[in-house]
Structure formats: structure tokens, C-alpha cells
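Notes follow once the structure below has been shown.
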Amino acid sequence: MAAYIIKRLLWLIPVLLVVSVITFILMHNTPGGPWDRNLDARQVDKNTQLLLNEYYGLNKPLWRQYVAYVIGDWDKEGKFVWGLISGNMGPSYRQRGRTVQDILFDPPKNKSAWQSRWGYSARLGLFSLAIAIFVGIPIGIFAALGQNTWRDYLGLFIATSGISVPSFVMGIFLIIIFGSWLGWISIVTKEWDKIGVWIVPALVLGFNTTAYTARLTRSSMLEVMRQDYVRTARAKGLAERVVIFIHMLKNAMIPVVTILGPALAGLVTGSFIIETMFGFPGLGRAYVTAISQRDYSMILGTTIFYAILVALANLSVDLVYAVIDPRIKLHD
Amino acid sequence: MRKLSVLLSLLVLASMVLAACGGGAATEAPAEPAQPQPTAAPAEPEATAAPTEPPVEHGNLRVNLSTFPDIIDPQKSSFVNEIAHLNKIYEGLTKFNAKLETIPGAAESWEFNADGSALTFTLREGLTYSDGSVLNAERFAYSLTRNIDPATAGEYAAITDEIKGAPEWRGCGEDVAVCDAAKAVVVESLKASHADGSACSGYDDTACNTFTVTLSKPAPYYPTVLALWVGYPAKQENIEAGGDTWWLDPELQIGNGPWILSELDQGITGKFVSNPNYWEGEPLYDIEFSYITDGAVQFEAYKNNEFDVILYGGDDVASIEADPELSAQNVVYAGSCTIAIMFHQLKEPFTDKKVREAFAYALDRDGWVKDVDSDTSLPTLTWIPPGYPGYKEGETRYGYDPEKARQALAESSYGSVEALPEIDVTFGDSPRNRVRNEWLAAKWKEVFGEGLKIKINPVEPTTYTALTKDIATSPMVYRLGWCADYPDPQNWLSVYWKTGGFGERIGYSNPEFDALVNAADVELDPAKRADLYAQAQDLLLDDAAVAMMYNTKNTYLVKPWVKGWIPSPQDNSYPGDVEPTSIYIDVASIPQ
């Protein structure tokens, strides 16, 4: 098991290299640069652009910039500055003076790591995943067991609306209902300490995943329901609950677990809509705005980080397979 | 299955617990403000508030600024939301009133020398920072030097290029000797001294109240430029102590402005308390910024009484007009930007002035303002907007006139609409912009007939910006504007339209215009200066280089308990924020 995990982790390195090369080439080939700001603002003058280009190393040849990002390069004073391999994701082009890893992972002064932008996004992602699991799976089971009855149609209705309704529509809907009409939540959250303020954002973020999970659970359960061993179990006289949860669900979970892994990676990094609507201090925004801002370090940093998350998620999923289904062995 | 569910519930439990724990750490006392905060006891009414009313209770103004700033550093900031924070904490040598006149700020008076090449400021007596420490001329010398320093590389560094030695130092390159020599010139140009001219002894010198700025040529608009945030006196020791992220720490953002930054929670909230040491008198309210980007959510929050002021966009106009309560709270007035249709003077067919005139005559500005912008803008035929010095009233050239448009086209070298090459209207792609530009194309077709070959050309927004910056890639027709950096015709005319300025990108260059603005820029007599700029603007309009289209409006919703605000076109975060100390909150009338 340990050898398997280490092998998988080592594979991460070539994957990240390829991802970073592709991202680097794509982003430098896109027209426009970090100093092309929103046209409402005065544009940066030529002299300052030259100074900034020099400071960020944009005046060096592309291959050198790439090597500098990954391994490192000598700076103006002759000191060698390590790059990605030492965890330095580079200076942000937009937030002057801060490095990418500082923006994403460092909490504010005197606060715990869970208060960093990554910490907030991770918590929200986990919360949304929990909703997807504890709401989505039961709905799927409920629907499957009552196939072609009202239970099934209700479950499918929830699933379909969750998949089709965009999250920003869901978000404003919930804000109006719970904020304006019922007054149960305040629309502008100034403190994210209490658990209550997390519920609506997590719902909005997780609804799509919940719907997918419900659908997948339902179809997977339907398949398992018709298997011979289920008939045998019932014939043996086992309680229905035991048949469902011990025999059917365990087998039905494989496809669900398969999607939940990468879904978690997506939930953790995909909180952009939540951040713009609820003022949530996560890192989803960094992914999206970095591209239009041409913040090269941030684009590379967030992409590589997302690649790591997806790879780790897939690894966890493979490990979980082995846990829930003893027939699956982790071979090389 | 059991193991999995146990694992997952533990995970969820853990995240909830950690959320609460994280919360625990966060509830420790926020950074101590430099001065003890005023309690619920009413603050002293200041001279500009209604003098006959009893003392007003201290209020809290909750405003939404769409995005959290990238950096709040006077010499490195450049965006509107960053400046919105800076101008609460700091104050420059001069400032503006609601009529956009330059009035004394930290300096109580200033005067030019005989030929206008040096400007001497006299600071107020007893000027202090919010923490009570001395604020003297040395601080301003440091701040302006820092703005010019190439190591700072601030995005607005060029705005102080009139200071003697500034462009040379900023462009000094790698050579240490050259740079040191250039720096010495700048240091000489930004001289802090005692009233009698003797040198100051440092940041604690209370007699150091004279600040002399030496300019490379006369610049009568310079007191206006020095009101900008690039000259705000942030403390050197704080900047150095905090390093690159000093600005995130409220304890290091000690300023001399009407408010003190008491809390800055990244992406969540920014809180300001009134500064009892502000020379003009402590303001009557605290400020709280939130950073909700989504317009629909901020609108809901405003209706739910969670914001006192919001800046809304065209999408919300219909809802506001349908609601009598919101209509009463609707505050709309002229803003600080002019948008025009740019014609590239070096790209066919706009090389021909008659064609430019034709398209300008064919522009239905009133239709645009009503149909596309839902009255959140104002049609205009001039460059400088109303409310700004140099505004020309009653301009009539190139107003909407379809007959004249067709006639001008007939008189052009093309002769008819069929002879024109295909017109590409380029813009930054967004659903809103597509609608706007389709409207534009359709309207021109309406005037010129179906023979007009016109196409819209959406481009990714940042790519679009990059295209417009260079004369070779600049599109043949596009909508662009200019928003005032400071209220002086020099910023509108000289900075933008002089050869080598921003107008260069569409190939505009008129030596007569250059001569006029060059003369106006150094003219010390205000009447003569105004006249020269007026002539220059007339020349610009005559040339029909671009088709002036509309001015933006400031569109706010303001709760009825926010009182005393005096609107000005240069407001950027809430009405009256150019002269923010006149505002007070009628706390008693806030619903619970």
C-alpha cells in the first residue's frame, strides 16, 4: 500500500511539469499583458512598464522565464531565488509585493491557517461535499427504491433542477428567500465565524454536485437491485435495511466515489460565484480574475495547485475503492 | 460503507469544529486604533454641519465597494477602490471641494515664485497624524520622492513628472552613478525647510512647515495635482517595518485624514473610525466598506437595510423606477468621464474628415442614453464634462442630424455609402457590450441605408485593451473614454490630446493644438489660461477627430437617514465623498 501511494505521488511530478509547460505557453501566447488594465483606469506609462517588466523578469527570453519559475534564477542583486520546487509560486503581478503562495495560503496576522483564503475555500468545499453525500445519496436511494413512483419522480426532479439551474440563479434565489423575505440570514456576511452563515453558500456551491450524486446513486442502485445476490439476501430473510445499506449500497458506491473525488477538488477551487455573491474570502476568484488580469504567476500557481488537488483526489478515490470493495487490489 | 461514512462524518465534524476554532482566534481584539474611539456620546458638531441643531449622534455609514483592493499604498495604488480607502486615511497638501476647486488641505497656503517654476507650500500649524505624532514637510518630501523612485515603480508614477529631475530618475537605467545623480536632483526639487529657509532636523521637527517643489517648467495646475493620493504622507518607518505587505496592517496605516483605519479583513470588510485629531474637526460618522461584487446581491442587501449607500448599474434602473420608495432614494448626477467614438485617423475610411463628420452627425446620442443606458448617462458634444473647469456650455457642432450626415458622406472622397470599405466596430466582449454595439451599428445603418457595410467585432477584454494602446493595432472605430485624474483642463486636453499623449493611438496630432496647450500649460494668469484651453478644445471639436458621445453619471441609492452630502462629479465611493465631512447620519430614523 505504501509503495503504491509513493509511486502515485512520484507520478505527480511529470504531470505537473506537463501542465505547467502547457499553461505557460498558452498564457504567454495570449495577446495582452499584465499592464493592460481596465480601460477606465489610466494605463501604465511606458517608463514604468519597462521598470515593472524588469522587476518581474518579463524582459528575459521565455525559456528562461519558465526555468526561473520552476527552478529559480538570479535576481538583480545576484542572489539566487528558488522557484516552484521550493514552494515559491512567484510574485503576483496585480497584488504588488505579495507572492502567490502568500496570497493563497497565508492567513492574516495572528489568525489560524483556516482563515487563509485556501482555508476558507477548503472548508466550504468540504461542507458542500458533505451536503452532496448526506443529501444526495439518500435522495438517490429513495428514488431508486421507489422506482417509477412519486418518490422516483421527486428525486429526479430535484436532481434535474440541480443540474440545470445555474448556481448564480440558485444563489440569488436563496438570498431573496432567506435574506429578504424570511430575514433568517443577513445578506452581507461580515463575520464567517458562526456555522450558520456557511449554510446558504455551501448549499449554492454544492447543489450541482448533490444533484449529480443523487442521479448517479439512483442509476447505480437500480443496477445493483437486480443482481442475484440481492435476491438471495432477501430470500435469506435479512432485514430490508441490512439489504440496502450493507449489500446494495456498498456495491453501488463505486461510481459515486469516482466522481466525488474530483468533485471535491472542483468544489474547493470553484467558489468564484459564491465569492462574488456572498463576499466569501476564498481563492476561487483568483483563478478567474488572474486570467483577464494576465497575472502570470497567479495563473500558473492556481493551475498547478488545482492539478495537485485533482491528482490527490484521484489517489484518494483509488484508496477508498480498496476500502469499500475488498475485491479491488491496488497493484501497479 | 460504514468505514466510509464514519470517515466522512469525522471529516465534516472536523471542518465544523475547525471553523469554530478558527473563529475563536478571530474574535481576539482587532488592531487597537491609534486614538481611543468616541463612545455613544454625541461628537462635537463641526463648523460645516447644520450649526443650529443639537449635537448629532455619531453614526455608521455602510457602503459597498465592489472589490477588495489589490494594494492600499499611496505610491502604488491606482484603482478607484484603492483610492477610496486612501482618501479616508490620508490627506494631501491640497484637496478638492464639491465644486472641484483646489482648496487647502494639510497645507494652509501656497504660492508660486515669479516665473512659476517653484511652488512653496506652508503647512498648517500643529499638524499631526491620527496618533498625535508630528506631521511636517519632511513627510511630504519623503512621499513624493518615493513616488518618483524607480524602485517603487508605482503605476501612477508618471503623474509627478513635472517635478524637476523626475523623468530622468525614473528612466535612469542600470548605472548606479547616473541614478544617484538623478536622485540628488529630485531630492533638491522636493525641499522641506523652516519658514526662514533653514534645513529641517527630521520627522519630529515641529517648525518644519515649508515645502518647496521645483518644477522643470511652470505648471500652474500643480497644486491640483498634489491633491492626489500619490502625495499622501504615509510614514516611512511603518512602510519599512511592514515590508511589502505593510498596507494590510491597520496599525501601520497611520495617516492624517478624517478617518483612521481600524480594521481591514481581507475580502470581507474594511472599517474606519473618525479621527479626533483631524485638523478640520472629527467627522460625524464611521465608515464600513463591504466588498460584494455581484450587483443583484448588493441591490437585495440595500433593500434589506444592510447597506446605506450603493452604486448601481443600468440593470437595476427598471426595478428602481418601478418602486416609489427606491425612486425617492435614487441619486443621479453628472460624473467624471466622457465617452467618445474614436476614429482611427490613419485607417480608411476615417482618414477623411468628412467621413468622420458624417458618422458623428449620424450618432443618435439621445437615443443611446435613453434606450441603451436607461438614462444613466448624459449626451454630450464636448470633451470636458459639465462641472469641470473648462466645460463649454451650449456646444452644437456635430449633433445628431441624419440629413447632414448623408450630405457629409456625399461630400467626402468616397461619395456614397456603397463606396465605403467595411466598418468594423471593435469592443471588449461582454453580453452588455454586444447589445450596445449592435445598437450602434444598427443606428448607423438606419441613417446611411442598407448599403453600409458594418460589422461588430468583439474581442476578449484584456486583448482589447492591449489593442487600443498601440497606434498600429488600434481598431478603426471603437468606443473609449477618459475619466479625470484631477479637475483641470490640462488633464483633459494636454495629457490626452497633445501629440505623444493618449490621442496618439488613433493618430491624432495637430501642431496648432499642441501650441495652444503648451502655452496654456505654463500660463500663470488664470483668465488667459482658461481662454487658451477653450480655444484648444474648440480646435479639437472642429477637427472632428472623434465623435463625442456621452458623459457618465454617478448613480447611487442613498438611504434617507444619510444627510448632508454635497454631490460632486469626482465622487467615487458615495455621494459627497469629495467633501465627506459634511455628511451625518440621522441615527434616530434608522429602522431597527
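Please note that chains go A, B, ... in the order of the C-alpha cells, that every chain numbers its residues from 1, and that ligands are numbered from 1 in the order shown.
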
**OP:** Restrict the distance test to only C-alpha atoms, flag each residue of chain A within 6 Å of chain B, and return the flagged residues as a list in words.
**Re:**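 Contact residues on the first chain: Pro31, Gly32, Asp36, Val44, Thr48, Gln95, Gly97, Lys111, Ser112, Trp114, Ser180, Ile187, Asp193, Lys250, Thr276, Met277, Gly279, Pro281, Ser292 and Ile324 of chain A.
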
File of the preceding selection, N, CA and C atoms, as a compact mmCIF listing (two decimals), in the first residue's frame:
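Saved as result04.txt:
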# COMPACT_ATOMS: atom_id res chain seq x y z
N PRO A 31 -2.71 37.38 -26.44
CA PRO A 31 -2.38 38.81 -26.56
C PRO A 31 -2.74 39.56 -25.30
N GLY A 32 -2.08 40.66 -25.09
CA GLY A 32 -2.35 41.45 -23.89
C GLY A 32 -1.42 41.02 -22.78
N ASP A 36 -1.99 45.79 -19.14
CA ASP A 36 -3.16 46.23 -19.92
C ASP A 36 -4.35 46.21 -18.99
N VAL A 44 -0.71 52.30 -17.55
CA VAL A 44 0.63 52.48 -17.01
C VAL A 44 1.53 53.07 -18.09
N THR A 48 7.35 53.24 -16.65
CA THR A 48 7.00 52.36 -15.54
C THR A 48 6.85 50.94 -16.03
N GLN A 95 -1.24 42.08 -7.24
CA GLN A 95 -1.11 42.48 -5.85
C GLN A 95 0.37 42.64 -5.56
N GLY A 97 3.96 43.18 -4.36
CA GLY A 97 4.65 42.93 -3.11
C GLY A 97 4.27 41.61 -2.46
N LYS A 111 -3.88 34.91 12.82
CA LYS A 111 -5.05 34.05 12.64
C LYS A 111 -4.59 32.66 12.25
N SER A 112 -5.48 31.69 12.41
CA SER A 112 -5.07 30.31 12.14
C SER A 112 -5.07 30.05 10.63
N TRP A 114 -6.77 28.13 8.97
CA TRP A 114 -8.12 28.00 8.39
C TRP A 114 -8.69 29.35 7.97
N SER A 180 -34.16 38.38 2.24
CA SER A 180 -35.12 39.48 2.16
C SER A 180 -36.48 39.09 2.71
N ILE A 187 -27.76 39.27 4.38
CA ILE A 187 -27.23 39.06 3.04
C ILE A 187 -25.73 39.33 3.00
N ASP A 193 -17.39 33.42 11.33
CA ASP A 193 -17.08 32.53 12.44
C ASP A 193 -18.19 31.56 12.77
N LYS A 250 -23.03 -0.63 -0.78
CA LYS A 250 -21.58 -0.75 -0.90
C LYS A 250 -21.17 -0.98 -2.35
N THR A 276 -18.27 36.09 -5.38
CA THR A 276 -18.79 37.37 -5.84
C THR A 276 -20.14 37.67 -5.23
N MET A 277 -20.92 36.62 -4.94
CA MET A 277 -22.26 36.89 -4.41
C MET A 277 -22.28 37.11 -2.91
N GLY A 279 -19.47 37.64 -0.95
CA GLY A 279 -18.28 38.28 -0.41
C GLY A 279 -17.43 37.28 0.35
N PRO A 281 -14.38 35.12 1.33
CA PRO A 281 -12.95 35.36 1.13
C PRO A 281 -12.16 34.11 0.76
N SER A 292 -7.97 37.33 -16.83
CA SER A 292 -8.19 38.61 -17.52
C SER A 292 -7.17 39.64 -17.07
N ILE A 324 -13.75 0.15 0.33
CA ILE A 324 -15.15 -0.28 0.30
C ILE A 324 -15.35 -1.58 -0.45

Original post:
Among stretch 202-295 of chain A, which ones does DSSP place in alpha helix (DSSP H), written as a PyMOL selection string?
Top reply: chain A and resi 202-225+228-236+240-242+249-269+272-278+284-293

Subject >> Test item: residues at most 12 Å from A:Arg234, only C-alpha atoms, excluding those fewer than 4 positions along its chain, as a list of chain:residue names >> reply: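 My list of contacting residues is A:Met225, A:Arg226, A:Gln227, A:Asp228, A:Tyr229, A:Val230, A:Leu238, A:Ala239, A:Glu240, A:Arg241, A:Val242, A:Val243, A:Ile244, A:His247, A:Met248.
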
Only C-alpha atoms, please: the residues just picked out, written as a short mmCIF file (atom, residue, chain, number, x, y, z; two decimals), in the first residue's frame.
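The resulting file, again_22.cif, is reproduced below:
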data_model
loop_
_atom_site.label_atom_id
_atom_site.label_comp_id
_atom_site.auth_asym_id
_atom_site.auth_seq_id
_atom_site.Cartn_x
_atom_site.Cartn_y
_atom_site.Cartn_z
CA MET A 225 -31.01 -4.00 -7.18
CA ARG A 226 -31.46 -6.51 -9.94
CA GLN A 227 -28.43 -8.59 -9.03
CA ASP A 228 -28.82 -12.16 -7.87
CA TYR A 229 -27.11 -11.70 -4.54
CA VAL A 230 -29.70 -9.14 -3.54
CA LEU A 238 -32.37 -10.39 6.09
CA ALA A 239 -33.96 -7.11 7.21
CA GLU A 240 -34.56 -4.67 4.38
CA ARG A 241 -32.31 -2.07 5.95
CA VAL A 242 -29.43 -4.54 6.09
CA VAL A 243 -30.02 -5.49 2.45
CA ILE A 244 -29.95 -1.85 1.36
CA HIS A 247 -25.28 -5.27 0.39
CA MET A 248 -26.67 -2.84 -2.18
#

**OP:** From a DSSP calculation on the backbone, collect every residue of stretch 107-321 of chain B in strand (DSSP E or B) and output the set as JSON, numbers by chain.
**Re:** {"B": [107, 108, 109, 110, 111, 112, 118, 119, 120, 121, 122, 123, 128, 134, 163, 190, 191, 192, 193, 199, 210, 211, 212, 213, 214, 215, 259, 260, 261, 262, 263, 264, 265, 269, 270, 271, 272, 273, 274, 285, 286, 287, 288, 289, 290, 309, 310, 311]}

Selected residues written out with N, CA and C atoms, as a short mmCIF file (atom, residue, chain, number, x, y, z; two decimals), in the first residue's frame:
data_model
loop_
_atom_site.label_atom_id
_atom_site.label_comp_id
_atom_site.auth_asym_id
_atom_site.auth_seq_id
_atom_site.Cartn_x
_atom_site.Cartn_y
_atom_site.Cartn_z
N ALA B 107 -1.76 71.70 3.77
CA ALA B 107 -1.09 73.00 3.63
C ALA B 107 -2.14 74.08 3.74
N GLU B 108 -1.83 75.17 4.46
CA GLU B 108 -2.85 76.22 4.59
C GLU B 108 -2.74 77.25 3.48
N SER B 109 -1.59 77.32 2.81
CA SER B 109 -1.46 78.27 1.71
C SER B 109 -0.29 77.85 0.85
N TRP B 110 -0.29 78.39 -0.38
CA TRP B 110 0.83 78.11 -1.27
C TRP B 110 1.00 79.28 -2.22
N GLU B 111 2.21 79.41 -2.74
CA GLU B 111 2.38 80.42 -3.78
C GLU B 111 3.51 80.03 -4.71
N PHE B 112 3.35 80.50 -5.94
CA PHE B 112 4.38 80.27 -6.94
C PHE B 112 5.41 81.36 -6.83
N ALA B 118 8.67 77.30 -9.29
CA ALA B 118 8.75 76.69 -7.96
C ALA B 118 7.48 77.02 -7.20
N LEU B 119 7.00 76.04 -6.44
CA LEU B 119 5.74 76.18 -5.71
C LEU B 119 6.06 75.94 -4.24
N THR B 120 5.75 76.92 -3.39
CA THR B 120 6.06 76.78 -1.97
C THR B 120 4.80 76.65 -1.15
N PHE B 121 4.70 75.58 -0.38
CA PHE B 121 3.54 75.33 0.48
C PHE B 121 3.90 75.67 1.92
N THR B 122 2.94 76.25 2.64
CA THR B 122 3.12 76.45 4.08
C THR B 122 2.12 75.55 4.78
N LEU B 123 2.64 74.61 5.58
CA LEU B 123 1.75 73.67 6.26
C LEU B 123 1.05 74.35 7.44
N THR B 128 -0.87 67.12 12.96
CA THR B 128 -0.43 65.83 13.49
C THR B 128 -1.07 64.68 12.73
N VAL B 134 3.99 64.15 15.12
CA VAL B 134 4.15 65.34 14.30
C VAL B 134 4.09 65.01 12.83
N ILE B 163 7.94 67.44 -11.87
CA ILE B 163 8.93 67.81 -10.85
C ILE B 163 10.30 67.68 -11.47
N LEU B 190 12.47 68.64 -4.03
CA LEU B 190 11.41 68.44 -3.04
C LEU B 190 12.00 68.82 -1.69
N LYS B 191 11.98 70.12 -1.41
CA LYS B 191 12.73 70.63 -0.26
C LYS B 191 11.83 70.97 0.90
N ALA B 192 12.09 70.32 2.04
CA ALA B 192 11.38 70.69 3.26
C ALA B 192 12.27 71.63 4.05
N SER B 193 11.71 72.69 4.61
CA SER B 193 12.56 73.62 5.36
C SER B 193 11.74 74.35 6.41
N ALA B 199 17.40 74.31 7.07
CA ALA B 199 17.06 72.90 6.89
C ALA B 199 16.32 72.34 8.10
N THR B 210 7.57 74.33 5.83
CA THR B 210 7.62 74.87 4.48
C THR B 210 8.09 73.80 3.52
N PHE B 211 7.37 73.66 2.43
CA PHE B 211 7.70 72.62 1.46
C PHE B 211 7.76 73.27 0.08
N THR B 212 8.93 73.19 -0.56
CA THR B 212 9.10 73.82 -1.86
C THR B 212 9.27 72.77 -2.94
N VAL B 213 8.44 72.86 -3.96
CA VAL B 213 8.51 71.92 -5.08
C VAL B 213 9.07 72.68 -6.27
N THR B 214 10.18 72.19 -6.82
CA THR B 214 10.76 72.83 -8.01
C THR B 214 10.32 72.06 -9.23
N LEU B 215 9.79 72.80 -10.20
CA LEU B 215 9.25 72.16 -11.40
C LEU B 215 10.19 72.38 -12.57
N TRP B 259 -10.34 59.96 8.76
CA TRP B 259 -10.63 58.70 9.42
C TRP B 259 -9.38 57.90 9.73
N ILE B 260 -9.55 56.94 10.65
CA ILE B 260 -8.48 56.03 11.00
C ILE B 260 -8.92 54.63 10.56
N LEU B 261 -8.02 53.90 9.91
CA LEU B 261 -8.35 52.53 9.52
C LEU B 261 -8.32 51.67 10.78
N SER B 262 -9.47 51.16 11.16
CA SER B 262 -9.47 50.39 12.41
C SER B 262 -9.43 48.89 12.16
N GLU B 263 -9.95 48.45 11.02
CA GLU B 263 -9.97 47.02 10.76
C GLU B 263 -9.92 46.78 9.26
N LEU B 264 -9.11 45.84 8.83
CA LEU B 264 -9.07 45.50 7.41
C LEU B 264 -9.06 43.98 7.31
N ASP B 265 -10.22 43.43 7.02
CA ASP B 265 -10.37 41.98 6.94
C ASP B 265 -10.43 41.63 5.47
N THR B 269 -14.29 42.91 5.04
CA THR B 269 -14.76 44.21 5.49
C THR B 269 -13.60 45.16 5.76
N GLY B 270 -13.86 46.45 5.62
CA GLY B 270 -12.86 47.47 5.96
C GLY B 270 -13.56 48.50 6.82
N LYS B 271 -13.03 48.77 8.01
CA LYS B 271 -13.72 49.68 8.93
C LYS B 271 -12.85 50.90 9.24
N PHE B 272 -13.50 52.03 9.27
CA PHE B 272 -12.81 53.29 9.57
C PHE B 272 -13.54 53.97 10.73
N VAL B 273 -12.77 54.48 11.68
CA VAL B 273 -13.39 55.28 12.74
C VAL B 273 -12.93 56.72 12.57
N SER B 274 -13.74 57.64 13.06
CA SER B 274 -13.41 59.05 12.85
C SER B 274 -12.15 59.42 13.61
N TYR B 285 -19.31 60.46 11.53
CA TYR B 285 -19.70 59.08 11.29
C TYR B 285 -18.47 58.21 11.07
N ASP B 286 -18.65 56.92 11.34
CA ASP B 286 -17.63 55.93 10.98
C ASP B 286 -18.04 55.34 9.62
N ILE B 287 -17.11 54.65 9.00
CA ILE B 287 -17.41 54.08 7.69
C ILE B 287 -17.13 52.58 7.71
N GLU B 288 -17.97 51.83 7.03
CA GLU B 288 -17.75 50.39 6.93
C GLU B 288 -17.88 49.99 5.46
N PHE B 289 -16.81 49.46 4.88
CA PHE B 289 -16.86 49.01 3.50
C PHE B 289 -17.09 47.51 3.45
N SER B 290 -17.97 47.07 2.53
CA SER B 290 -18.07 45.64 2.23
C SER B 290 -17.69 45.47 0.77
N VAL B 309 -25.49 53.02 1.35
CA VAL B 309 -25.26 53.60 0.03
C VAL B 309 -24.77 52.51 -0.90
N ILE B 310 -25.33 52.42 -2.10
CA ILE B 310 -24.71 51.56 -3.10
C ILE B 310 -24.64 52.29 -4.44
N LEU B 311 -23.66 51.91 -5.22
CA LEU B 311 -23.54 52.42 -6.58
C LEU B 311 -24.18 51.38 -7.47
#

Original post:
If we count only C-alpha atoms, what is near stretch 9-14 of chain A at a cut-off of 12 Å, once residues fewer than 6 positions away on the same chain are taken out, given as a ChimeraX atom specification?
Top reply: /A:2-3,20-21,70,84-85,304-305,307-316

Original post:
Do you know which residues are at most 8 Å from stretch 158-162 of chain A counting only C-alpha atoms, after dropping those on the same chain fewer than 6 positions away, and could you put them as a PyMOL selection string?
Top reply: chain A and resi 207-208+210-212+214-215

For the residues selected in the previous step, produce a file with N, CA and C atoms as a JSON list (two decimals), in the first residue's frame.
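Once everything was written out, this is selection-v1.json:
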[["chain", "number", "residue", "atom", "x", "y", "z"],
["A", 207, "PHE", "N", -25.05, 22.34, -4.64],
["A", 207, "PHE", "CA", -26.31, 21.81, -5.16],
["A", 207, "PHE", "C", -26.11, 21.02, -6.44],
["A", 208, "ASN", "N", -25.25, 21.51, -7.28],
["A", 208, "ASN", "CA", -24.99, 20.82, -8.55],
["A", 208, "ASN", "C", -24.40, 19.44, -8.31],
["A", 210, "THR", "N", -24.64, 17.74, -5.55],
["A", 210, "THR", "CA", -25.68, 16.93, -4.89],
["A", 210, "THR", "C", -26.57, 16.28, -5.93],
["A", 211, "ALA", "N", -26.95, 17.08, -6.92],
["A", 211, "ALA", "CA", -27.84, 16.56, -7.95],
["A", 211, "ALA", "C", -27.19, 15.43, -8.73],
["A", 212, "TYR", "N", -25.94, 15.62, -9.11],
["A", 212, "TYR", "CA", -25.22, 14.57, -9.84],
["A", 212, "TYR", "C", -25.10, 13.31, -9.01],
["A", 214, "ALA", "N", -27.05, 12.34, -6.62],
["A", 214, "ALA", "CA", -28.34, 11.68, -6.49],
["A", 214, "ALA", "C", -28.64, 10.86, -7.74],
["A", 215, "ARG", "N", -28.42, 11.47, -8.87],
["A", 215, "ARG", "CA", -28.70, 10.77, -10.14],
["A", 215, "ARG", "C", -27.87, 9.51, -10.26]]

**OP:** Within 12 Å of A:Leu174, counting only C-alpha atoms, which residues show up once you throw out same-chain ones fewer than 3 positions away? Write them as a ChimeraX atom specification, please.
**Re:** /A:167-171,177-187,199-205,207,277-278 /B:297,300

Original post:
When distances are computed from only C-alpha atoms, which of A:Arg218, A:Arg98, A:Lys46, A:Lys60 shows the smallest separation from A:Gly140?
Top reply: A:Arg218

**OP:** Just give me the gap between atom CA of B:Ala547 and atom CA of B:Pro487 in Å, one decimal is fine.
**Re:**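 We find that atom CA of B:Ala547 and atom CA of B:Pro487 lie 22.3 Å from each other.
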
**OP:** Within 8 Å of B:Ser216, counting only C-alpha atoms, which residues show up once you throw out same-chain ones fewer than 6 positions away? Write them as number ranges by chain, please.
**Re:** B: 117, 162-165

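Taking atom CA of B:Cys179 and atom CA of A:Lys79 as endpoints, the distance between them is 21.5 Å.
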
Original post:
Just how far from atom CA of A:Ser86 is atom CA of A:Asp73, in Å to one decimal?
Top reply: 12.5 Å
